[in-house]
$ cat upload.csv   # CSV, C-alpha atoms
chain,number,residue,atom,x,y,z
A,1,MET,CA,2.0,-22.2,-27.4
A,2,VAL,CA,-1.3,-20.5,-28.1
A,3,SER,CA,-3.1,-21.5,-31.3
A,4,LEU,CA,-6.5,-20.9,-32.7
A,5,GLU,CA,-7.6,-24.2,-31.2
A,6,SER,CA,-6.4,-23.3,-27.7
A,7,CYS,CA,-9.0,-22.7,-25.0
A,8,PRO,CA,-7.4,-20.1,-22.7
A,9,SER,CA,-8.7,-19.3,-19.2
A,10,ARG,CA,-7.9,-16.6,-16.7
A,11,SER,CA,-5.2,-17.4,-14.2
A,12,GLU,CA,-6.6,-18.2,-10.8
A,13,ASP,CA,-3.8,-16.3,-9.1
A,14,LEU,CA,-5.0,-12.9,-10.2
A,15,VAL,CA,-7.5,-10.3,-9.0
A,16,TRP,CA,-9.3,-8.3,-11.6
A,17,ARG,CA,-12.0,-5.6,-11.5
A,18,LYS,CA,-13.9,-3.7,-14.2
A,19,ILE,CA,-13.4,0.0,-13.6
A,20,ASP,CA,-14.7,2.7,-16.0
A,21,GLU,CA,-15.3,0.0,-18.7
A,22,GLU,CA,-11.7,-1.1,-18.5
A,23,ILE,CA,-10.2,-4.2,-16.9
A,24,VAL,CA,-7.6,-3.8,-14.2
A,25,ILE,CA,-5.7,-6.9,-13.3
A,26,LEU,CA,-3.4,-7.2,-10.2
A,27,THR,CA,-1.0,-10.1,-9.7
A,28,GLU,CA,-1.1,-11.9,-6.4
A,29,ASP,CA,1.8,-9.9,-4.9
A,30,GLY,CA,0.0,-6.7,-5.7
A,31,ARG,CA,3.0,-5.2,-7.5
A,32,SER,CA,2.2,-5.9,-11.1
A,33,ILE,CA,-0.8,-4.2,-12.6
A,34,HIS,CA,-2.2,-4.6,-16.1
A,35,THR,CA,-5.0,-2.7,-17.7
A,36,LEU,CA,-7.0,-3.7,-20.7
A,37,ASP,CA,-8.8,-1.3,-23.0
A,38,LYS,CA,-12.5,-1.8,-24.1
A,39,VAL,CA,-11.8,-4.5,-26.8
A,40,GLY,CA,-9.2,-6.2,-24.5
A,41,GLY,CA,-11.8,-6.2,-21.8
A,42,VAL,CA,-14.4,-7.9,-24.0
A,43,ILE,CA,-11.9,-10.6,-24.9
A,44,TRP,CA,-10.9,-11.0,-21.3
A,45,GLU,CA,-14.5,-11.7,-20.3
A,46,LEU,CA,-14.8,-14.3,-23.1
A,47,VAL,CA,-11.6,-16.1,-22.0
A,48,ASP,CA,-13.3,-18.6,-19.7
A,49,GLY,CA,-11.6,-21.9,-20.5
A,50,THR,CA,-14.5,-23.2,-22.6
A,51,LYS,CA,-14.1,-21.1,-25.8
A,52,SER,CA,-11.2,-21.5,-28.3
A,53,VAL,CA,-9.3,-18.5,-29.6
A,54,GLN,CA,-11.1,-19.1,-32.9
A,55,ASP,CA,-14.5,-19.0,-31.1
A,56,ILE,CA,-13.5,-15.7,-29.3
A,57,ALA,CA,-12.4,-14.2,-32.6
A,58,THR,CA,-15.8,-15.0,-34.2
A,59,LEU,CA,-17.6,-13.4,-31.3
A,60,ILE,CA,-15.4,-10.3,-31.5
A,61,CYS,CA,-16.0,-10.2,-35.3
A,62,ASP,CA,-19.8,-10.2,-34.6
A,63,ARG,CA,-19.5,-7.4,-32.0
A,64,PHE,CA,-17.0,-5.0,-33.6
A,65,ASP,CA,-16.6,-3.8,-37.1
A,66,VAL,CA,-13.6,-5.9,-38.0
A,67,SER,CA,-12.8,-8.5,-40.6
A,68,PRO,CA,-12.5,-12.2,-39.5
A,69,GLU,CA,-8.8,-12.3,-40.5
A,70,THR,CA,-8.0,-9.2,-38.4
A,71,ALA,CA,-10.1,-10.5,-35.4
A,72,GLN,CA,-8.3,-13.8,-35.5
A,73,ALA,CA,-4.9,-12.2,-35.7
A,74,ASP,CA,-5.6,-9.7,-33.0
A,75,VAL,CA,-7.2,-12.2,-30.6
A,76,LEU,CA,-4.3,-14.6,-31.1
A,77,GLU,CA,-1.7,-12.0,-30.5
A,78,PHE,CA,-3.6,-10.7,-27.4
A,79,CYS,CA,-3.8,-14.2,-25.9
A,80,ARG,CA,-0.2,-15.0,-26.6
A,81,GLU,CA,0.9,-11.8,-24.9
A,82,LEU,CA,-1.2,-12.5,-21.8
A,83,ALA,CA,-0.1,-16.1,-21.8
A,84,ASP,CA,3.6,-14.9,-21.8
A,85,LYS,CA,2.8,-12.9,-18.7
A,86,SER,CA,1.0,-15.8,-17.1
A,87,ILE,CA,-2.2,-13.8,-16.9
A,88,ILE,CA,-4.0,-16.4,-18.9
A,89,VAL,CA,-3.4,-20.2,-19.0
A,90,VAL,CA,-3.9,-22.3,-22.0
A,91,GLN,CA,-5.3,-25.8,-22.5
A,92,ASN,CA,-4.8,-27.1,-26.0
B,1,MET,CA,4.7,-10.8,40.6
B,2,SER,CA,6.9,-10.0,37.8
B,3,VAL,CA,8.6,-6.6,37.6
B,4,VAL,CA,8.9,-5.0,34.2
B,5,ASN,CA,12.0,-3.0,33.6
B,6,LYS,CA,10.8,0.1,31.7
B,7,ASP,CA,14.3,0.9,30.6
B,8,LEU,CA,14.2,-2.2,28.4
B,9,GLU,CA,10.8,-1.5,26.8
B,10,CYS,CA,9.6,0.7,24.0
B,11,GLY,CA,5.8,1.0,23.8
B,12,LEU,CA,4.8,2.0,20.3
B,13,GLN,CA,1.5,3.4,19.2
B,14,ILE,CA,0.5,2.7,15.6
B,15,GLY,CA,-3.0,4.0,15.0
B,16,ASP,CA,-5.3,2.3,17.5
B,17,ILE,CA,-2.7,-0.4,18.1
B,18,CYS,CA,-0.1,-0.5,20.8
B,19,CYS,CA,2.8,-2.9,20.9
B,20,SER,CA,5.6,-3.1,23.4
B,21,LEU,CA,9.0,-4.1,22.2
B,22,ARG,CA,11.2,-5.5,25.0
B,23,PHE,CA,15.0,-5.8,24.6
B,24,LYS,CA,17.7,-7.4,26.7
B,25,ASP,CA,20.0,-4.4,26.1
B,26,PRO,CA,18.7,-1.0,27.1
B,27,ASP,CA,20.7,0.7,24.3
B,28,TYR,CA,18.2,-0.7,21.8
B,29,SER,CA,15.1,0.3,23.7
B,30,SER,CA,16.4,3.8,24.1
B,31,LEU,CA,17.4,3.9,20.4
B,32,LEU,CA,13.8,3.1,19.5
B,33,ARG,CA,12.3,5.5,22.0
B,34,ARG,CA,14.3,8.3,20.5
B,35,TYR,CA,13.5,7.2,17.0
B,36,TYR,CA,9.8,7.0,17.6
B,37,ASN,CA,9.5,10.0,19.8
B,38,GLY,CA,6.0,11.3,19.8
B,39,PHE,CA,4.4,7.9,19.2
B,40,LEU,CA,5.4,6.2,22.5
B,41,SER,CA,2.7,4.7,24.6
B,42,GLU,CA,2.4,3.6,28.2
B,43,ASP,CA,-0.9,1.8,27.6
B,44,ASP,CA,-1.4,-1.9,28.1
B,45,PRO,CA,0.0,-3.3,24.9
B,46,ASP,CA,-2.1,-5.3,22.4
B,47,LEU,CA,1.0,-7.3,21.8
B,48,THR,CA,4.3,-7.7,23.7
B,49,ILE,CA,7.3,-8.5,21.5
B,50,ASP,CA,10.5,-9.9,23.1
B,51,VAL,CA,13.3,-8.9,20.8
B,52,ASP,CA,16.6,-10.9,20.8
B,53,ILE,CA,19.3,-9.1,18.8
B,54,ILE,CA,21.6,-11.6,17.0
B,55,SER,CA,25.0,-10.2,16.4
B,56,HIS,CA,27.0,-11.5,13.4
B,57,GLN,CA,30.4,-11.2,11.9
B,58,GLU,CA,29.5,-11.4,8.3
B,59,GLU,CA,28.2,-8.4,6.4
B,60,ILE,CA,24.5,-8.8,5.5
B,61,HIS,CA,23.1,-7.3,2.3
B,62,LEU,CA,19.7,-5.9,3.3
B,63,PRO,CA,17.0,-6.0,0.6
B,64,ASN,CA,14.7,-3.0,0.0
B,65,SER,CA,11.7,-5.0,1.2
B,66,ILE,CA,11.3,-8.1,3.3
B,67,ILE,CA,7.5,-8.2,3.1
B,68,MET,CA,7.2,-10.6,0.2
B,69,SER,CA,10.0,-12.9,1.2
B,70,LYS,CA,8.5,-14.2,4.4
B,71,THR,CA,7.7,-17.9,5.1
B,72,VAL,CA,5.3,-19.1,7.6
B,73,ASN,CA,5.2,-22.4,9.4
B,74,GLY,CA,2.3,-22.8,12.0
B,75,ASN,CA,2.9,-20.1,14.5
B,76,GLY,CA,6.4,-19.4,13.3
B,77,PHE,CA,7.5,-16.8,10.7
B,78,ASN,CA,10.8,-16.1,9.0
B,79,PHE,CA,11.5,-12.9,7.1
B,80,HIS,CA,14.1,-13.1,4.3
B,81,SER,CA,16.0,-16.3,5.3
B,82,GLY,CA,16.3,-15.4,8.9
B,83,LEU,CA,16.7,-11.6,9.0
B,84,ILE,CA,13.8,-11.8,11.5
B,85,LYS,CA,12.4,-15.0,12.7
B,86,GLY,CA,10.0,-15.6,15.5
B,87,THR,CA,6.8,-17.0,16.8
B,88,LEU,CA,3.4,-15.4,17.6
B,89,ASN,CA,0.9,-16.5,20.2
B,90,LEU,CA,-2.1,-14.2,19.6
B,91,GLY,CA,-4.1,-15.8,22.4
B,92,GLU,CA,-1.4,-14.8,24.9
B,93,ARG,CA,-0.8,-11.5,23.0
B,94,TYR,CA,2.9,-12.5,22.9
B,95,CYS,CA,5.5,-12.6,20.2
B,96,ALA,CA,9.2,-13.5,20.4
B,97,ILE,CA,11.6,-12.6,17.6
B,98,ASP,CA,15.3,-13.0,16.8
B,99,VAL,CA,16.6,-10.0,14.7
B,100,LYS,CA,19.9,-9.8,12.9
B,101,GLU,CA,21.8,-6.8,14.3
B,102,ALA,CA,22.2,-5.3,10.8
B,103,LEU,CA,18.5,-4.5,10.7
B,104,PHE,CA,18.9,-1.9,13.5
B,105,LYS,CA,21.2,0.0,11.2
B,106,ARG,CA,18.3,0.4,8.8
B,107,ILE,CA,15.3,0.7,11.0
B,108,ARG,CA,13.0,1.3,7.9
B,109,ILE,CA,13.5,-2.3,6.9
B,110,PHE,CA,12.8,-3.5,10.4
B,111,GLU,CA,9.6,-1.5,10.2
B,112,HIS,CA,8.3,-4.0,7.6
B,113,PHE,CA,7.9,-6.4,10.4
B,114,LEU,CA,6.0,-3.7,12.4
B,115,PHE,CA,3.7,-3.2,9.3
B,116,GLN,CA,2.8,-6.8,9.4
B,117,THR,CA,2.4,-6.7,13.2
B,118,TYR,CA,0.0,-3.8,12.7
B,119,TYR,CA,-2.1,-5.7,10.1
B,120,THR,CA,-2.1,-8.8,12.3
B,121,LEU,CA,-3.6,-6.9,15.3
B,122,LEU,CA,-5.9,-5.0,13.0
B,123,ASN,CA,-7.4,-8.2,11.7
B,124,GLU,CA,-8.0,-9.3,15.3
B,125,ASN,CA,-9.7,-6.0,16.1
B,126,ARG,CA,-11.7,-5.6,12.9
B,127,SER,CA,-14.7,-7.6,14.2
B,128,LYS,CA,-14.9,-5.2,17.2
B,129,THR,CA,-14.4,-1.9,15.4
B,130,GLY,CA,-15.9,-2.6,12.0
B,131,ARG,CA,-13.3,-0.2,10.5
B,132,GLU,CA,-11.1,-1.0,7.6
B,133,SER,CA,-7.6,0.4,7.5
B,134,PHE,CA,-4.5,0.3,5.3
B,135,LEU,CA,-1.0,1.6,5.6
B,136,MET,CA,0.1,3.5,2.6
B,137,HIS,CA,3.0,5.6,1.3
B,138,ALA,CA,1.7,9.1,1.7
B,139,CYS,CA,2.3,12.5,3.1
B,140,THR,CA,-0.7,13.7,5.1
B,141,VAL,CA,-1.4,17.4,5.9
B,142,VAL,CA,-4.3,19.1,7.7
B,143,LYS,CA,-4.8,22.7,6.5
B,144,GLU,CA,-7.5,24.9,7.9
B,145,GLY,CA,-9.6,21.9,8.9
B,146,SER,CA,-9.2,20.0,5.6
B,147,GLY,CA,-7.3,16.7,5.4
B,148,TYR,CA,-5.1,16.2,2.4
B,149,LEU,CA,-3.3,13.0,1.3
B,150,PHE,CA,-0.4,13.3,-1.1
B,151,THR,CA,0.8,10.0,-2.5
B,152,GLY,CA,3.1,8.8,-5.2
B,153,PRO,CA,6.1,6.5,-5.7
B,154,SER,CA,9.5,7.0,-4.1
B,155,GLU,CA,11.1,10.4,-5.0
B,156,SER,CA,7.7,11.9,-6.1
B,157,GLY,CA,7.9,14.5,-3.4
B,158,LYS,CA,6.1,13.3,-0.3
B,159,SER,CA,8.8,14.6,2.1
B,160,THR,CA,9.1,17.9,0.1
B,161,ILE,CA,5.4,18.5,0.4
B,162,ALA,CA,5.7,17.8,4.2
B,163,LYS,CA,8.5,20.3,4.6
B,164,LEU,CA,6.7,23.0,2.5
B,165,SER,CA,3.6,22.4,4.6
B,166,SER,CA,5.3,22.9,7.9
B,167,ASP,CA,3.1,26.0,8.6
B,168,TYR,CA,0.2,23.6,8.9
B,169,THR,CA,-0.4,20.3,10.7
B,170,VAL,CA,1.7,17.6,9.1
B,171,LEU,CA,0.6,14.1,10.1
B,172,GLY,CA,3.4,12.4,8.3
B,173,ASP,CA,5.6,12.4,5.3
B,174,GLU,CA,6.1,8.7,4.6
B,175,ILE,CA,3.6,6.2,5.8
B,176,ALA,CA,0.0,7.0,6.7
B,177,ILE,CA,-3.0,5.1,7.9
B,178,ILE,CA,-6.1,5.5,5.7
B,179,GLU,CA,-9.2,4.3,7.3
B,180,ARG,CA,-12.9,3.8,6.4
B,181,ASP,CA,-15.3,4.1,9.3
B,182,ASP,CA,-19.0,4.1,8.7
B,183,GLY,CA,-18.7,5.2,5.1
B,184,SER,CA,-16.3,8.1,5.8
B,185,TYR,CA,-12.6,8.2,5.2
B,186,PHE,CA,-9.9,9.4,7.7
B,187,ILE,CA,-6.1,9.8,7.7
B,188,ARG,CA,-4.0,9.1,10.7
B,189,SER,CA,-0.3,9.6,11.4
B,190,THR,CA,2.1,6.7,12.1
B,191,PRO,CA,5.5,6.5,13.7
B,192,PHE,CA,7.0,5.5,10.3
B,193,ARG,CA,8.6,8.7,9.1
B,194,GLY,CA,10.8,9.8,6.2
B,195,ASP,CA,13.0,12.8,6.4
B,196,PHE,CA,10.4,15.1,8.0
B,197,ARG,CA,10.4,14.3,11.8
B,198,LYS,CA,8.2,17.1,13.2
B,199,ASN,CA,5.0,15.4,12.4
B,200,ILE,CA,2.0,15.3,14.8
B,201,ASN,CA,0.5,12.2,16.2
B,202,GLY,CA,-3.1,12.8,15.2
B,203,SER,CA,-5.9,12.2,12.6
B,204,SER,CA,-8.3,14.0,10.4
B,205,ARG,CA,-11.2,13.4,8.0
B,206,LEU,CA,-9.8,12.9,4.5
B,207,ASP,CA,-11.1,15.6,2.1
B,208,VAL,CA,-8.9,15.4,-1.0
B,209,ILE,CA,-6.3,13.0,-2.5
B,210,PHE,CA,-3.5,14.1,-4.7
B,211,LEU,CA,-1.3,11.8,-6.8
B,212,ILE,CA,1.9,13.8,-6.9
B,213,ARG,CA,4.9,14.4,-9.1
B,214,HIS,CA,7.5,17.1,-9.4
B,215,GLY,CA,6.7,19.4,-12.3
B,216,LYS,CA,7.9,22.5,-14.1
B,217,LYS,CA,4.8,24.3,-13.0
B,218,ASN,CA,2.0,23.9,-10.5
B,219,GLU,CA,-0.9,22.1,-12.0
B,220,ILE,CA,-3.8,20.2,-10.7
B,221,LYS,CA,-5.4,17.8,-13.2
B,222,LYS,CA,-8.5,15.6,-13.0
B,223,ILE,CA,-7.8,12.0,-13.8
B,224,GLY,CA,-10.1,9.1,-14.5
B,225,LYS,CA,-11.0,6.5,-11.9
B,226,ARG,CA,-9.2,3.7,-13.7
B,227,GLU,CA,-6.0,5.6,-13.7
B,228,PHE,CA,-6.5,6.7,-10.1
B,229,VAL,CA,-7.1,3.2,-8.8
B,230,THR,CA,-4.1,1.7,-10.7
B,231,ARG,CA,-1.7,4.4,-9.3
B,232,PHE,CA,-3.2,4.6,-5.8
B,233,VAL,CA,-3.3,0.8,-5.2
B,234,ARG,CA,0.5,0.6,-5.8
B,235,GLU,CA,1.1,2.9,-2.8
B,236,ILE,CA,-0.9,0.7,-0.4
B,237,ILE,CA,1.3,-1.4,1.8
B,238,TYR,CA,0.5,-5.1,1.2
B,239,PRO,CA,-1.8,-6.0,4.1
B,240,GLY,CA,0.0,-9.3,4.9
B,241,THR,CA,0.0,-10.5,8.5
B,242,LEU,CA,2.7,-12.2,10.5
B,243,LEU,CA,1.1,-15.6,10.0
B,244,SER,CA,-0.4,-17.2,6.9
B,245,ILE,CA,-3.0,-15.3,4.9
B,246,ASN,CA,-4.8,-15.7,1.6
B,247,ARG,CA,-2.9,-13.3,-0.7
B,248,LYS,CA,-5.5,-13.2,-3.3
B,249,LYS,CA,-8.1,-12.1,-0.8
B,250,CYS,CA,-5.7,-9.4,0.5
B,251,ILE,CA,-5.2,-8.0,-3.0
B,252,ALA,CA,-8.9,-8.1,-3.7
B,253,LYS,CA,-9.5,-6.2,-0.5
B,254,MET,CA,-6.9,-3.5,-1.5
B,255,MET,CA,-8.4,-3.1,-4.9
B,256,ASP,CA,-12.0,-2.8,-3.6
B,257,PHE,CA,-10.9,-0.3,-1.0
B,258,CYS,CA,-9.2,1.9,-3.7
B,259,SER,CA,-12.2,1.6,-5.9
B,260,ALA,CA,-14.6,2.6,-3.1
B,261,ILE,CA,-12.4,5.6,-2.0
B,262,ALA,CA,-12.5,6.9,-5.5
B,263,ASP,CA,-16.3,7.1,-5.3
B,264,HIS,CA,-16.2,9.0,-2.0
B,265,VAL,CA,-13.2,11.3,-2.0
B,266,PRO,CA,-12.2,13.7,-4.7
B,267,PHE,CA,-8.9,12.9,-6.4
B,268,TYR,CA,-6.5,14.8,-8.6
B,269,GLU,CA,-3.0,14.6,-10.0
B,270,LEU,CA,-0.8,17.4,-8.7
B,271,SER,CA,2.4,18.5,-10.4
B,272,PHE,CA,4.2,20.9,-8.3
B,273,LEU,CA,7.2,23.2,-8.0
B,274,PRO,CA,9.4,22.8,-5.0
B,275,ASP,CA,8.1,25.9,-3.2
B,276,LYS,CA,5.1,26.9,-1.3
B,277,SER,CA,3.2,28.2,-4.4
B,278,PHE,CA,1.5,24.9,-4.9
B,279,LEU,CA,-0.5,25.6,-1.7
B,280,GLY,CA,-2.3,28.4,-3.5
B,281,CYS,CA,-3.2,26.0,-6.3
B,282,ILE,CA,-4.8,23.7,-3.7
B,283,GLU,CA,-6.6,26.6,-2.1
B,284,GLU,CA,-8.4,27.2,-5.4
B,285,LEU,CA,-9.9,23.7,-5.3
B,286,LYS,CA,-12.2,25.0,-2.6
B,287,LEU,CA,-13.7,27.5,-5.0
B,288,GLY,CA,-15.6,24.6,-6.6
B,289,ASP,CA,-16.3,23.3,-10.2
B,290,TYR,CA,-12.6,22.8,-10.6
B,291,GLU,CA,-11.5,21.2,-13.8
B,292,GLN,CA,-7.8,22.1,-14.4
B,293,LYS,CA,-5.9,24.9,-12.9
B,294,GLU,CA,-2.4,26.3,-13.4
B,295,VAL,CA,-0.7,28.6,-11.0
B,296,ILE,CA,2.4,30.5,-12.2
$ encode --input "upload.csv" --output "structure tokens"
Amino acid sequence: MVSLESCPSRSEDLVWRKIDEEIVILTEDGRSIHTLDKVGGVIWELVDGTKSVQDIATLICDRFDVSPETAQADVLEFCRELADKSIIVVQN
Amino acid sequence: MSVVNKDLECGLQIGDICCSLRFKDPDYSSLLRRYYNGFLSEDDPDLTIDVDIISHQEEIHLPNSIIMSKTVNGNGFNFHSGLIKGTLNLGERYCAIDVKEALFKRIRIFEHFLFQTYYTLLNENRSKTGRESFLMHACTVVKEGSGYLFTGPSESGKSTIAKLSSDYTVLGDEIAIIERDDGSYFIRSTPFRGDFRKNINGSSRLDVIFLIRHGKKNEIKKIGKREFVTRFVREIIYPGTLLSINRKKCIAKMMDFCSAIADHVPFYELSFLPDKSFLGCIEELKLGDYEQKEVI
């Protein structure tokens, strides 16, 4: 379960590239493709296994015009969604 | 000196690669020679494959793909729990396979083995040629010296485009080779055909790529690179080889190839009516500075 204290990292089984400012992620079998928009792409690049969801939300808050509460809620939801798809893995 | 019985063999040309399939029963070799007419080769094969057909009483449910359900153990491989199993000795350029008879009733599934054979031999040759090639689901047409690639998922209209383009040179309607050589891109025909069987064994420089779909009007639309790459990469046939391979590396290679091609070859989305009028729409591309065009 992803919480604000979790330190998510990108799954090792994926290939991802930045194309036209968006992140394109391919699963290892090459059949499943995910794309992330600009904000999703920024979060993706911050998801490195060392920062907590809370840390990432703070950085997003500094970078975009968004309240701390909204940033926390959005980053948490984003990480949960990606964890459900095994695109990120979580260490609590 | 061994004598090769040509009646038992089918030498198949796939791009630069030639492989010889040898059967015990001449019915199978002649079936394949008929099926792959136009792509047969008498050249010295890059790989000789002895094929043993295994008959069976039970009905076998064939999957749509056997590419991702293959296991490898040393020099041995096993597709989809024994549908095809065999061993490969690349040093001797020799392969032996046992194939369940049911696969010869749906040769298109057997062709998945040939895709991986092609990629295996391509990997061996890459250091010599420096070229990078992929198989992909595409219809390829040469019209007045320009090479066009039409790609899209199943039922998007690849065979329809081939039939409607029959006044021109159709390289294929189902599986094409797309190749990068010294910074330029080329398309080549393959023996792997869909419904259109009058294709030519040949190649061309690649000038334009279309991501196709049936539409209520003919329309060519510019799309962004991200959208192009995500749709185009789905149509590349996974470049797995017969033996073990680093999957992540393969996928990365596919992705980088698609990204690079987008920087070198113009690409569009084409919605088309099932008649020849879409060809006029494509003709207008040559007039330059094309943004979006509709042809009634």
$ interface_residues --input "upload.csv" --of "chain A" --to "chain B" --cutoff "10 Å" --atoms "all atoms listed in the file" --output "number ranges by chain"
A: 12-35
$ atom_distance --input "upload.csv" --atom1 "CA of Glu9 (chain B)" --atom2 "CA of Phe23 (chain B)"
6.4 Å
$ residues_near_point --input "upload.csv" --point "(0.6, -24.0, -31.9)" --cutoff "12 Å" --atoms "only C-alpha atoms" --output "PyMOL selection string"
chain A and resi 1-7+53+76+80+90-92
$ residues_near_point --input "upload.csv" --point "(0.2, -0.8, 28.2)" --cutoff "8 Å" --atoms "all atoms listed in the file" --output "VMD selection string"
chain B and resid 11 18 20 41 to 46
$ atom_distance --input "upload.csv" --atom1 "CA of Glu144 (chain B)" --atom2 "CA of Gly280 (chain B)"
13.0 Å
